[in-house]
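For reference, data-v9.csv (CSV, C-alpha atoms):
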chain,number,residue,atom,x,y,z
R,575,MET,CA,112.2,61.9,93.4
R,576,THR,CA,115.0,60.7,95.6
R,577,PRO,CA,113.9,57.9,98.0
R,578,LEU,CA,114.1,58.8,101.7
R,579,ALA,CA,115.5,55.4,102.6
R,580,ALA,CA,116.8,52.2,101.1
R,581,LEU,CA,118.1,48.8,102.0
R,582,PRO,CA,121.8,48.3,101.4
R,583,SER,CA,123.4,45.3,99.8
R,584,PRO,CA,126.7,43.7,100.8
R,585,SER,CA,129.6,44.5,98.3
R,586,THR,CA,131.4,41.2,99.2
R,587,ALA,CA,129.9,37.7,99.2
R,588,VAL,CA,133.2,35.7,99.4
R,589,TRP,CA,136.0,36.0,102.0
R,590,GLN,CA,139.3,34.2,101.8
R,591,LEU,CA,140.5,32.2,104.8
R,592,GLY,CA,144.0,31.5,103.6
R,593,PRO,CA,143.5,29.5,100.4
R,594,VAL,CA,139.9,28.5,101.2
R,595,PRO,CA,137.1,30.7,100.0
R,596,ILE,CA,134.2,31.3,102.5
R,597,ARG,CA,131.0,32.0,100.6
R,598,ALA,CA,128.2,33.8,102.2
R,599,TYR,CA,125.6,31.8,100.2
R,600,ALA,CA,127.0,28.5,101.4
R,601,LEU,CA,127.0,29.7,105.0
R,602,CYS,CA,123.4,30.7,104.7
R,603,ILE,CA,122.5,27.3,103.3
R,604,ILE,CA,124.4,25.5,106.1
R,605,ILE,CA,122.7,27.7,108.8
R,606,GLY,CA,119.4,27.0,107.2
R,607,ILE,CA,120.0,23.2,107.3
R,608,VAL,CA,121.0,23.4,111.0
R,609,VAL,CA,117.7,25.3,111.8
R,610,ALA,CA,115.6,22.8,109.9
R,611,CYS,CA,117.4,19.9,111.8
R,612,LEU,CA,116.8,21.4,115.2
R,613,VAL,CA,113.1,22.0,114.5
R,614,THR,CA,112.6,18.6,113.0
R,615,GLU,CA,114.5,16.8,115.8
R,616,ARG,CA,112.2,18.4,118.4
R,617,ARG,CA,109.0,17.5,116.4
R,618,LEU,CA,110.2,13.9,115.8
R,619,ARG,CA,110.8,13.4,119.5
R,620,GLN,CA,107.3,14.7,120.2
R,621,ARG,CA,106.1,11.9,118.0
R,622,GLY,CA,108.2,9.2,119.8
R,623,VAL,CA,111.3,9.0,117.6
R,624,ALA,CA,114.5,8.3,119.5
R,625,PRO,CA,116.9,11.2,119.9
R,626,GLY,CA,119.4,11.8,117.1
R,627,ALA,CA,117.3,10.3,114.3
R,628,VAL,CA,117.3,13.6,112.4
R,629,LEU,CA,121.1,13.3,111.8
R,630,ASP,CA,120.6,9.9,110.2
R,631,ILE,CA,117.9,11.4,108.0
R,632,ALA,CA,120.0,14.5,107.1
R,633,VAL,CA,122.9,12.3,106.0
R,634,TRP,CA,120.7,11.1,103.2
R,635,ALA,CA,118.4,14.1,102.6
R,636,VAL,CA,121.0,16.9,102.4
R,637,PRO,CA,123.2,15.4,99.7
R,638,THR,CA,120.3,14.2,97.6
R,639,GLY,CA,118.6,17.5,98.1
R,640,ILE,CA,121.7,19.4,96.7
R,641,ILE,CA,121.9,16.9,93.8
R,642,GLY,CA,118.2,17.3,93.0
R,643,ALA,CA,118.5,21.1,93.2
R,644,ARG,CA,121.4,21.1,90.7
R,645,ILE,CA,119.7,18.7,88.3
R,646,TYR,CA,116.6,20.9,88.3
R,647,HIS,CA,118.6,24.0,87.6
R,648,VAL,CA,120.5,22.4,84.7
R,649,ILE,CA,117.4,20.9,83.2
R,650,THR,CA,115.5,24.2,83.3
R,651,SER,CA,118.5,26.3,82.1
R,652,PRO,CA,120.1,23.9,79.6
R,653,GLU,CA,121.4,26.7,77.3
R,654,LYS,CA,124.0,27.7,79.9
R,655,TYR,CA,125.6,24.3,79.7
R,656,PHE,CA,124.6,22.7,76.4
R,657,GLY,CA,123.8,25.6,74.1
R,658,ALA,CA,125.9,27.0,71.3
R,659,ASP,CA,128.3,28.7,73.7
R,660,GLY,CA,127.6,26.4,76.7
R,661,GLN,CA,130.2,24.5,78.7
R,662,PRO,CA,128.8,21.1,79.7
R,663,LEU,CA,131.4,20.6,82.5
R,664,LYS,CA,130.1,23.7,84.2
R,665,ALA,CA,127.0,21.7,85.1
R,666,PHE,CA,129.1,20.2,87.9
R,667,ALA,CA,130.4,23.6,89.1
R,668,ILE,CA,127.9,23.9,91.9
R,669,TRP,CA,130.1,26.3,93.8
R,670,GLU,CA,129.4,28.9,91.0
R,671,GLY,CA,125.7,28.9,92.0
R,672,GLY,CA,122.6,27.5,90.4
R,673,LEU,CA,120.2,25.5,92.6
R,674,GLY,CA,116.5,25.0,92.2
R,675,ILE,CA,114.3,24.7,95.3
R,676,TRP,CA,111.9,22.4,93.5
R,677,GLY,CA,114.7,19.9,92.8
R,678,ALA,CA,116.0,20.4,96.3
R,679,VAL,CA,112.7,19.4,97.9
R,680,ALA,CA,112.2,16.4,95.5
R,681,GLY,CA,115.8,15.2,96.0
R,682,GLY,CA,115.7,15.8,99.7
R,683,ALA,CA,112.4,13.9,100.0
R,684,LEU,CA,113.9,10.9,98.2
R,685,GLY,CA,116.9,10.9,100.6
R,686,ALA,CA,114.5,11.3,103.6
R,687,TRP,CA,112.4,8.4,102.3
R,688,ILE,CA,115.5,6.1,102.1
R,689,ALA,CA,116.6,7.1,105.6
R,690,ALA,CA,113.0,6.6,107.0
R,691,ARG,CA,112.9,3.1,105.6
R,692,GLN,CA,116.2,2.2,107.2
R,693,LEU,CA,115.1,3.6,110.6
R,694,GLY,CA,111.6,2.0,110.4
R,695,ILE,CA,109.9,5.4,110.6
R,696,PRO,CA,106.8,6.0,108.4
R,697,PHE,CA,107.8,8.6,105.8
R,698,ALA,CA,104.7,10.7,106.5
R,699,VAL,CA,105.9,11.2,110.1
R,700,VAL,CA,109.2,12.5,108.8
R,701,ALA,CA,107.5,14.8,106.3
R,702,ASP,CA,105.2,16.3,108.9
R,703,ALA,CA,108.0,16.8,111.4
R,704,LEU,CA,110.0,18.7,108.7
R,705,ALA,CA,107.1,20.9,107.6
R,706,PRO,CA,107.8,24.0,109.7
R,707,GLY,CA,111.6,23.6,109.6
R,708,LEU,CA,111.9,23.6,105.9
R,709,PRO,CA,110.5,27.1,105.2
R,710,LEU,CA,112.6,28.5,108.0
R,711,ALA,CA,115.7,27.0,106.3
R,712,GLN,CA,114.6,28.5,103.0
R,713,ALA,CA,114.1,31.9,104.7
R,714,VAL,CA,117.7,31.8,106.0
R,715,GLY,CA,119.0,30.6,102.6
R,716,ARG,CA,117.4,33.5,100.8
R,717,PHE,CA,119.9,35.9,102.5
R,718,GLY,CA,122.6,34.2,100.5
R,719,ASN,CA,120.9,35.8,97.4
R,720,TRP,CA,121.2,39.2,99.2
R,721,PHE,CA,124.9,38.7,99.6
R,722,ASN,CA,125.2,37.8,96.0
R,723,ASN,CA,123.2,40.8,94.8
R,724,GLU,CA,120.9,38.6,92.8
R,725,LEU,CA,117.2,37.6,92.3
R,726,TYR,CA,115.8,41.0,92.9
R,727,GLY,CA,112.6,42.5,91.4
R,728,GLY,CA,111.8,45.5,89.3
R,729,ARG,CA,112.5,49.2,90.0
R,730,THR,CA,110.7,50.8,92.9
R,731,SER,CA,110.7,54.1,94.9
R,732,LEU,CA,109.5,52.4,98.1
R,733,PRO,CA,111.5,53.2,101.3
R,734,TRP,CA,112.6,49.5,101.5
R,735,GLY,CA,113.9,49.5,97.9
R,736,LEU,CA,117.1,47.6,97.5
R,737,GLU,CA,120.4,48.9,96.5
R,738,VAL,CA,122.1,46.5,94.1
R,739,HIS,CA,125.8,46.4,93.3
R,740,VAL,CA,127.3,45.8,89.9
R,741,MET,CA,129.3,42.6,90.5
R,742,ASP,CA,132.7,42.1,89.0
R,743,PRO,CA,132.7,39.2,86.5
R,744,ASP,CA,136.4,38.8,86.8
R,745,ASN,CA,136.3,38.6,90.6
R,746,PRO,CA,133.2,36.6,91.6
R,747,GLY,CA,131.6,37.5,94.9
R,748,HIS,CA,132.9,41.1,94.8
R,749,ALA,CA,131.4,44.3,93.6
R,750,LEU,CA,132.9,46.2,90.7
R,751,ARG,CA,134.7,49.3,92.0
R,752,ASP,CA,135.4,52.7,90.5
R,753,ASP,CA,138.7,54.5,90.3
R,754,ALA,CA,138.4,55.7,93.8
R,755,GLY,CA,137.8,52.1,95.1
R,756,ASN,CA,134.1,52.6,95.9
R,757,PRO,CA,131.7,49.8,94.9
R,758,ILE,CA,129.5,50.7,91.9
R,759,LEU,CA,125.7,50.5,92.3
R,760,GLN,CA,123.0,49.8,89.7
R,761,PRO,CA,120.9,52.9,89.0
R,762,GLY,CA,117.8,53.2,91.2
R,763,LEU,CA,116.3,50.9,93.7
R,764,TYR,CA,114.7,47.5,93.3
R,765,HIS,CA,112.1,45.3,95.0
R,766,PRO,CA,113.9,43.0,97.5
R,767,THR,CA,112.2,39.8,96.4
R,768,PHE,CA,114.6,37.8,98.5
R,769,LEU,CA,113.3,39.6,101.6
R,770,TYR,CA,109.7,39.2,100.5
R,771,GLU,CA,110.2,35.4,100.2
R,772,ALA,CA,112.1,35.1,103.5
R,773,LEU,CA,109.3,36.9,105.4
R,774,TRP,CA,106.7,34.8,103.6
R,775,ASN,CA,108.5,31.6,104.5
R,776,ILE,CA,108.6,32.6,108.1
R,777,GLY,CA,104.8,33.2,108.0
R,778,VAL,CA,104.4,29.8,106.4
R,779,ALA,CA,106.3,28.1,109.2
R,780,VAL,CA,104.1,29.9,111.8
R,781,LEU,CA,101.0,28.9,109.9
R,782,VAL,CA,102.0,25.2,109.8
R,783,LEU,CA,102.8,25.2,113.6
R,784,VAL,CA,99.5,26.9,114.5
R,785,LEU,CA,97.3,24.7,112.3
R,786,ASP,CA,99.2,21.6,113.1
R,787,ARG,CA,98.7,22.2,116.8
R,788,LYS,CA,95.0,23.0,116.4
R,789,LEU,CA,94.0,20.4,113.8
R,790,ARG,CA,96.4,17.6,114.9
R,791,LEU,CA,97.5,17.0,111.3
R,792,GLY,CA,98.9,13.6,110.3
R,793,LYS,CA,99.5,11.4,107.2
R,794,GLY,CA,101.7,14.0,105.6
R,795,ARG,CA,99.1,16.8,105.7
R,796,ALA,CA,101.3,19.2,107.6
R,797,PHE,CA,103.9,18.9,104.8
R,798,ALA,CA,101.2,19.4,102.2
R,799,LEU,CA,100.1,22.6,104.1
R,800,TYR,CA,103.7,23.8,103.9
R,801,VAL,CA,103.8,23.1,100.2
R,802,MET,CA,100.6,25.0,99.6
R,803,GLY,CA,101.7,28.0,101.6
R,804,TYR,CA,105.2,28.2,100.0
R,805,THR,CA,104.0,27.9,96.4
R,806,ALA,CA,101.2,30.5,96.9
R,807,GLY,CA,103.9,33.0,97.9
R,808,ARG,CA,106.4,31.9,95.3
R,809,PHE,CA,103.7,32.4,92.6
R,810,TRP,CA,103.4,36.1,93.1
R,811,ILE,CA,107.0,36.7,94.1
R,812,GLU,CA,108.2,35.0,91.0
R,813,LEU,CA,106.1,37.4,88.9
R,814,MET,CA,108.0,40.3,90.4
R,815,ARG,CA,111.5,39.0,89.6
R,816,THR,CA,113.5,40.3,86.7
R,817,ASP,CA,116.4,37.9,86.5
R,818,GLU,CA,116.9,35.7,83.4
R,819,ALA,CA,114.5,32.8,83.2
R,820,ASN,CA,112.9,30.5,80.6
R,821,HIS,CA,109.2,31.4,79.8
R,822,ILE,CA,106.2,29.3,78.8
R,823,LEU,CA,103.2,31.1,77.3
R,824,GLY,CA,104.6,34.4,78.5
R,825,LEU,CA,105.1,33.3,82.1
R,826,ARG,CA,108.3,32.3,83.9
R,827,LEU,CA,108.8,28.6,84.2
R,828,ASN,CA,108.7,28.7,88.0
R,829,VAL,CA,105.3,30.4,88.0
R,830,TRP,CA,103.9,27.4,86.2
R,831,THR,CA,105.8,25.0,88.5
R,832,ALA,CA,104.4,26.8,91.6
R,833,ALA,CA,100.8,26.6,90.3
R,834,LEU,CA,101.0,22.9,89.5
R,835,VAL,CA,102.7,21.9,92.8
R,836,PHE,CA,100.1,24.0,94.7
R,837,LEU,CA,97.3,22.1,93.0
R,838,GLY,CA,98.9,18.7,93.8
R,839,ALA,CA,99.4,19.6,97.4
R,840,LEU,CA,95.8,20.9,97.7
R,841,ILE,CA,94.4,17.7,96.3
R,842,TYR,CA,96.5,15.6,98.7
R,843,PHE,CA,95.5,17.8,101.7
R,844,VAL,CA,91.8,17.5,100.9
R,845,ARG,CA,91.7,13.8,100.0
R,846,VAL,CA,94.0,12.3,102.6
R,847,ARG,CA,92.5,11.9,106.1
R,848,GLY,CA,93.6,10.2,109.2
R,849,PRO,CA,94.7,10.8,112.8
R,850,ARG,CA,98.2,12.0,113.7
R,851,GLU,CA,100.7,9.1,114.0
R,852,TYR,CA,102.8,8.4,117.1
R,853,LEU,CA,105.6,5.9,117.4
R,854,ILE,CA,106.7,3.4,120.0
R,855,PRO,CA,110.1,1.7,119.5
R,856,VAL,CA,110.2,-2.0,118.9
R,857,GLY,CA,113.1,-4.4,118.8
R,858,THR,CA,116.3,-3.2,120.5
R,859,PRO,CA,115.1,-1.1,123.5
R,860,ALA,CA,115.8,2.7,123.4
R,861,THR,CA,115.7,5.2,126.3
R,862,PRO,CA,112.1,6.3,126.7
R,863,VAL,CA,111.6,9.6,125.1
R,864,PRO,CA,110.3,12.3,127.5
R,865,PRO,CA,107.8,14.8,126.2
R,866,ALA,CA,109.5,17.6,124.4
R,867,GLY,CA,109.5,20.7,126.4
R,868,GLY,CA,108.7,18.7,129.6
R,869,ASP,CA,110.1,19.2,133.0
R,870,VAL,CA,113.8,18.2,132.7
R,871,SER,CA,114.1,18.3,136.5
R,872,GLN,CA,112.3,14.9,136.5
R,873,VAL,CA,114.8,13.2,134.2
R,874,ASP,CA,117.3,11.1,136.1
R,875,LEU,CA,120.5,12.2,134.4
R,876,SER,CA,122.7,10.3,136.8
R,877,ALA,CA,121.0,7.0,135.9
R,878,ARG,CA,121.6,7.7,132.2
R,879,GLU,CA,125.3,8.4,132.7
R,880,ALA,CA,125.8,5.4,134.9
R,881,GLY,CA,123.9,3.0,132.7
R,882,PRO,CA,124.7,1.8,129.2
R,883,ARG,CA,124.1,4.2,126.3
R,884,ALA,CA,120.7,3.9,124.6
R,885,VAL,CA,120.7,1.9,121.4
R,886,ALA,CA,118.6,3.0,118.4
R,887,PRO,CA,115.5,0.8,118.1
R,888,GLU,CA,115.1,-1.6,115.1
R,889,GLY,CA,111.9,0.2,114.1
R,890,TYR,CA,108.7,1.7,115.4
R,891,ARG,CA,105.1,0.8,115.8
R,892,VAL,CA,102.4,3.3,114.9
R,893,VAL,CA,99.9,3.9,117.7
R,894,GLY,CA,97.3,6.5,118.5
R,895,GLU,CA,97.9,9.5,120.7
R,896,GLU,CA,96.2,8.0,123.8
R,897,GLN,CA,98.4,4.9,123.6
R,898,PHE,CA,101.5,7.0,123.1
R,899,ARG,CA,100.7,9.2,126.2
R,900,ALA,CA,100.1,6.1,128.3
R,901,TYR,CA,103.5,4.7,127.1
R,902,GLN,CA,105.2,7.9,128.0
R,903,GLU,CA,103.7,7.8,131.5
R,904,THR,CA,104.2,4.2,132.3
R,905,GLY,CA,106.8,2.8,129.9
R,906,ALA,CA,104.5,-0.1,129.2
R,907,VAL,CA,104.3,-1.1,125.6
R,908,PRO,CA,100.6,-1.6,124.5
R,909,ASP,CA,99.5,-4.9,123.1
R,910,GLU,CA,100.0,-5.6,119.4
R,911,PRO,CA,96.8,-5.6,117.3
R,912,ALA,CA,95.6,-9.1,116.6
R,913,GLU,CA,96.5,-8.9,112.8
R,914,SER,CA,100.1,-8.0,113.7
R,915,ALA,CA,100.7,-11.0,115.9
R,916,PRO,CA,103.7,-13.1,114.8
R,917,GLU,CA,102.8,-16.1,112.6
R,918,ASP,CA,104.9,-18.7,114.5
R,919,GLY,CA,102.2,-21.2,115.2
R,920,THR,CA,101.2,-22.5,118.6
R,921,GLU,CA,104.4,-21.5,120.4
R,922,ALA,CA,103.9,-17.8,119.5
R,923,ASP,CA,100.2,-18.1,120.7
R,924,ASP,CA,101.3,-19.5,124.0
R,925,SER,CA,103.9,-16.8,124.6
R,926,ALA,CA,101.3,-14.1,123.7
R,927,ALA,CA,98.9,-15.7,126.2
R,928,ALA,CA,101.6,-15.8,128.9
R,929,GLU,CA,102.2,-12.1,128.3
R,930,THR,CA,98.5,-11.3,128.6
R,931,ASP,CA,98.3,-13.3,131.9
R,932,ALA,CA,101.3,-11.5,133.3
R,933,ARG,CA,99.8,-8.1,132.6
R,934,ALA,CA,96.5,-9.2,134.1
R,935,GLU,CA,98.3,-9.8,137.5
R,936,PRO,CA,99.9,-6.6,138.6
R,937,ASP,CA,101.3,-8.3,141.8
R,938,ALA,CA,103.0,-11.1,139.8
R,939,PRO,CA,106.7,-11.6,140.6
R,940,ALA,CA,109.4,-10.1,138.4
R,941,GLU,CA,110.1,-13.4,136.6
R,942,SER,CA,106.7,-13.2,135.0
R,943,GLU,CA,108.3,-11.1,132.3
R,944,ASN,CA,109.9,-14.2,130.8
R,945,PRO,CA,112.1,-14.5,127.7
R,946,ALA,CA,109.1,-15.5,125.6
R,947,GLU,CA,107.7,-12.1,126.2
R,948,SER,CA,111.0,-10.4,125.2
R,949,ASP,CA,111.2,-12.6,122.1
R,950,ASP,CA,107.7,-11.6,121.2
R,951,ARG,CA,108.5,-7.9,121.4
R,952,ALA,CA,111.7,-8.3,119.5
R,953,GLY,CA,109.9,-10.0,116.7
R,954,ALA,CA,107.5,-7.1,116.2
R,955,ARG,CA,107.7,-5.6,112.7
R,956,PRO,CA,108.7,-2.0,112.2
R,957,ALA,CA,106.0,0.3,110.8
R,958,ASP,CA,106.9,0.4,107.4
R,959,ARG,CA,121.3,28.9,95.2
R,960,ASP,CA,117.8,28.6,94.5
R,961,SER,CA,116.4,29.8,91.2
Could you render the structure from this file as structure tokens?
Amino acid sequence: MTPLAALPSPSTAVWQLGPVPIRAYALCIIIGIVVACLVTERRLRQRGVAPGAVLDIAVWAVPTGIIGARIYHVITSPEKYFGADGQPLKAFAIWEGGLGIWGAVAGGALGAWIAARQLGIPFAVVADALAPGLPLAQAVGRFGNWFNNELYGGRTSLPWGLEVHVMDPDNPGHALRDDAGNPILQPGLYHPTFLYEALWNIGVAVLVLVLDRKLRLGKGRAFALYVMGYTAGRFWIELMRTDEANHILGLRLNVWTAALVFLGALIYFVRVRGPREYLIPVGTPATPVPPAGGDVSQVDLSAREAGPRAVAPEGYRVVGEEQFRAYQETGAVPDEPAESAPEDGTEADDSAAAETDARAEPDAPAESENPAESDDRAGARPADRDS
């Protein structure tokens, strides 16, 4: 029976801008990264991180993520590069495709951890902020596979079956054409597994946002929820794919990977407990962060433009939600816990006592906020092509 409808596929995945090739897959990856950064920036600011921190994190996370993705692909498909007819130098030809999401997440996490340490942000805060943005980025990136006419499933007669072009091996990124110049299609229709995964990832992002808002997840548990959601979907979608892959005990390697990563995330989610972390800047003062989504009409933009530009803080102090909300409303930094007091002897104790006395007298003159108090605050320690 002839299907009544079908999903088309692009016949071109590469365009030439003069001598520069513009690849659809790379564009999808870049757009996905931008989406993830926008979502993560908003969520970091909701936790108290100074504006622009996501760019400092991305500078590390994106390159290490790409490197990790390539390493995973090469390790899990070594015959293409180190087999009898393999070409070892092709392992570096990342522009020809071959990225693994598992390596991308692991490599990106390493880069984000390095950046978080430099910024003085607890890594768990970064991971939880990234949790809904990462599946959205993956959803956008999957459309690169659509342009490349790759990673589809088995034959189907469903109305959303995918038309797949025969790609020209001598002209990468372009469909093979017949004598009349028309692109040649594979016979039949195929499951659009790229679309299944893209829709699933959007659902995972929504799930993380809803449960995070309801349960006030912290300590990396929002990220663990994302991992569980993604791997659950990847498990059944991977079983539908028909592209070449290594097998273990009759199952594709990525099926086993998805199952093992899901179990690890589940154990972490169940065992780790703790309230959501919020951050207050310490060290070099930063412009107070207004609540994300708040009333921008109450922000004094003229004062910001007239005054000096905000400087990124040296680090952050982890506080509870109640303390953070009070800091947003008043700008007053809450007292340090006793065990975090500087170990400078009697002089530090005297300055701390002076600070306490100054706060106890709301009508005290402005000079009560003496240099000792500023020194005390400045000495606070920062809280520590996908296969």
Inset, instruction - Please provide as a list of chain:residue names all residues within 10 Å of range 693-695 of chain R, with the sequence filter that same-chain residues fewer than 6 positions apart are discarded (counting all atoms listed in the file). - result: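 Selected residues are R:Leu618, R:Val623, R:Ala627, R:Asp630, R:Ile631, R:Trp687, R:Leu853, R:Pro855, R:Val856, R:Ala886, R:Pro887, R:Glu888, R:Gly889, R:Tyr890, R:Arg891, R:Val892, R:Arg955, R:Pro956, R:Ala957, R:Asp958.
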Counting all atoms listed in the file, which residues of range 698-766 of chain R fall within 8 Å of range 775-788 of chain R, and what is the closest atom pair for each with its distance in Å at one decimal, ordered by chain and rising number, as JSON lines?
{"residue": "R:Ala705", "atom": "CA", "partner": "R:Val782", "partner_atom": "CA", "distance": 7.0}
{"residue": "R:Pro706", "atom": "CA", "partner": "R:Ala779", "partner_atom": "CA", "distance": 4.4}
{"residue": "R:Gly707", "atom": "CA", "partner": "R:Ala779", "partner_atom": "CA", "distance": 7.0}
{"residue": "R:Leu708", "atom": "CA", "partner": "R:Ala779", "partner_atom": "CA", "distance": 7.9}
{"residue": "R:Pro709", "atom": "CA", "partner": "R:Asn775", "partner_atom": "CA", "distance": 5.0}
{"residue": "R:Leu710", "atom": "CA", "partner": "R:Ile776", "partner_atom": "CA", "distance": 5.7}
{"residue": "R:Gln712", "atom": "CA", "partner": "R:Asn775", "partner_atom": "CA", "distance": 7.0}
{"residue": "R:Ala713", "atom": "CA", "partner": "R:Asn775", "partner_atom": "CA", "distance": 5.6}
Legend entry - All residues 9 Å or closer to Ala711 in chain R, only C-alpha atoms, same chain fewer than 2 positions away omitted, as a PyMOL selection string: chain R and resi 602-610+707-709+713-716+775
Any chance you could export the current selection's C-alpha atoms as a PDB file, in the coordinates of the input?
ATOM      1  CA  CYS R 602     123.400  30.700 104.700  1.00  0.00           C
ATOM      2  CA  ILE R 603     122.500  27.300 103.300  1.00  0.00           C
ATOM      3  CA  ILE R 604     124.400  25.500 106.100  1.00  0.00           C
ATOM      4  CA  ILE R 605     122.700  27.700 108.800  1.00  0.00           C
ATOM      5  CA  GLY R 606     119.400  27.000 107.200  1.00  0.00           C
ATOM      6  CA  ILE R 607     120.000  23.200 107.300  1.00  0.00           C
ATOM      7  CA  VAL R 608     121.000  23.400 111.000  1.00  0.00           C
ATOM      8  CA  VAL R 609     117.700  25.300 111.800  1.00  0.00           C
ATOM      9  CA  ALA R 610     115.600  22.800 109.900  1.00  0.00           C
ATOM     10  CA  GLY R 707     111.600  23.600 109.600  1.00  0.00           C
ATOM     11  CA  LEU R 708     111.900  23.600 105.900  1.00  0.00           C
ATOM     12  CA  PRO R 709     110.500  27.100 105.200  1.00  0.00           C
ATOM     13  CA  ALA R 713     114.100  31.900 104.700  1.00  0.00           C
ATOM     14  CA  VAL R 714     117.700  31.800 106.000  1.00  0.00           C
ATOM     15  CA  GLY R 715     119.000  30.600 102.600  1.00  0.00           C
ATOM     16  CA  ARG R 716     117.400  33.500 100.800  1.00  0.00           C
ATOM     17  CA  ASN R 775     108.500  31.600 104.500  1.00  0.00           C
TER      18      ASN R 775
END
For range 715-737 of chain R versus range 747-771 of chain R, which residues have an atom no more than 8 Å away, and what is each residue's nearest atom pair and distance in Å rounded to one decimal, using all atoms listed in the file, chain-then-number order, as CSV?
residue,atom,partner,partner_atom,distance
R:Arg716,CA,R:Phe768,CA,5.6
R:Phe717,CA,R:Phe768,CA,6.9
R:Asn719,CA,R:Phe768,CA,6.7
R:Trp720,CA,R:Phe768,CA,6.8
R:Asn722,CA,R:Gly747,CA,6.5
R:Leu725,CA,R:Phe768,CA,6.7
R:Tyr726,CA,R:Thr767,CA,5.2
R:Gly727,CA,R:His765,CA,4.6
R:Gly728,CA,R:Tyr764,CA,5.3
R:Arg729,CA,R:Tyr764,CA,4.3
R:Thr730,CA,R:Tyr764,CA,5.2
R:Ser731,CA,R:Leu763,CA,6.6
R:Trp734,CA,R:Pro766,CA,7.7
R:Gly735,CA,R:Leu763,CA,5.0
R:Leu736,CA,R:Tyr764,CA,4.8
R:Glu737,CA,R:Leu763,CA,5.4
Inset, instruction - Give me, please, the distance in Å between CA of Cys611 in chain R and CA of Val648 in chain R, quoted to one decimal. - result: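 Separation of CA of Cys611 in chain R and CA of Val648 in chain R: 27.4 Å.
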Inset, instruction - For Leu813 in chain R, list every protein, DNA or RNA residue within 9 Å, evaluated using only C-alpha atoms, and leave out those in the same chain fewer than 5 positions away; present the list as number ranges by chain. - result: R: 727, 808, 825-826, 829
Inset, instruction - Compare R:Ala796, R:Ile688, R:Met814, R:Ala632 by their minimum atom-to-atom distance to Leu840 in chain R, counting all atoms listed in the file, and give me the closest one. - result: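 That would be R:Ala796, the residue with the smallest distance to Leu840 in chain R.
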Inset, instruction - Counting only C-alpha atoms, figure out which residue out of R:Val700, R:Leu837, R:Ile822, R:Val893 gets nearest to Val613 in chain R. - result: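 Of R:Val700, R:Leu837, R:Ile822, R:Val893, the one nearest Val613 in chain R, counting only C-alpha atoms, is R:Val700.
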Legend entry - Using only C-alpha atoms: which of R:Leu791, R:Ala833, R:Leu823, R:Arg619 has the shortest distance to Gly807 in chain R: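 Counting only C-alpha atoms, the residue closest to Gly807 in chain R is R:Ala833.
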Inset, instruction - Would you mind reading off the distance between CA of Ala819 in chain R and CA of Val636 in chain R, one decimal, in Å? - result: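 Distance between the two atoms: 25.8 Å.
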Legend entry - Computed interatomic separation between CA of Ala598 in chain R and CA of Met741 in chain R (Å):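 Result for CA of Ala598 in chain R versus CA of Met741 in chain R: 14.7 Å, one decimal.
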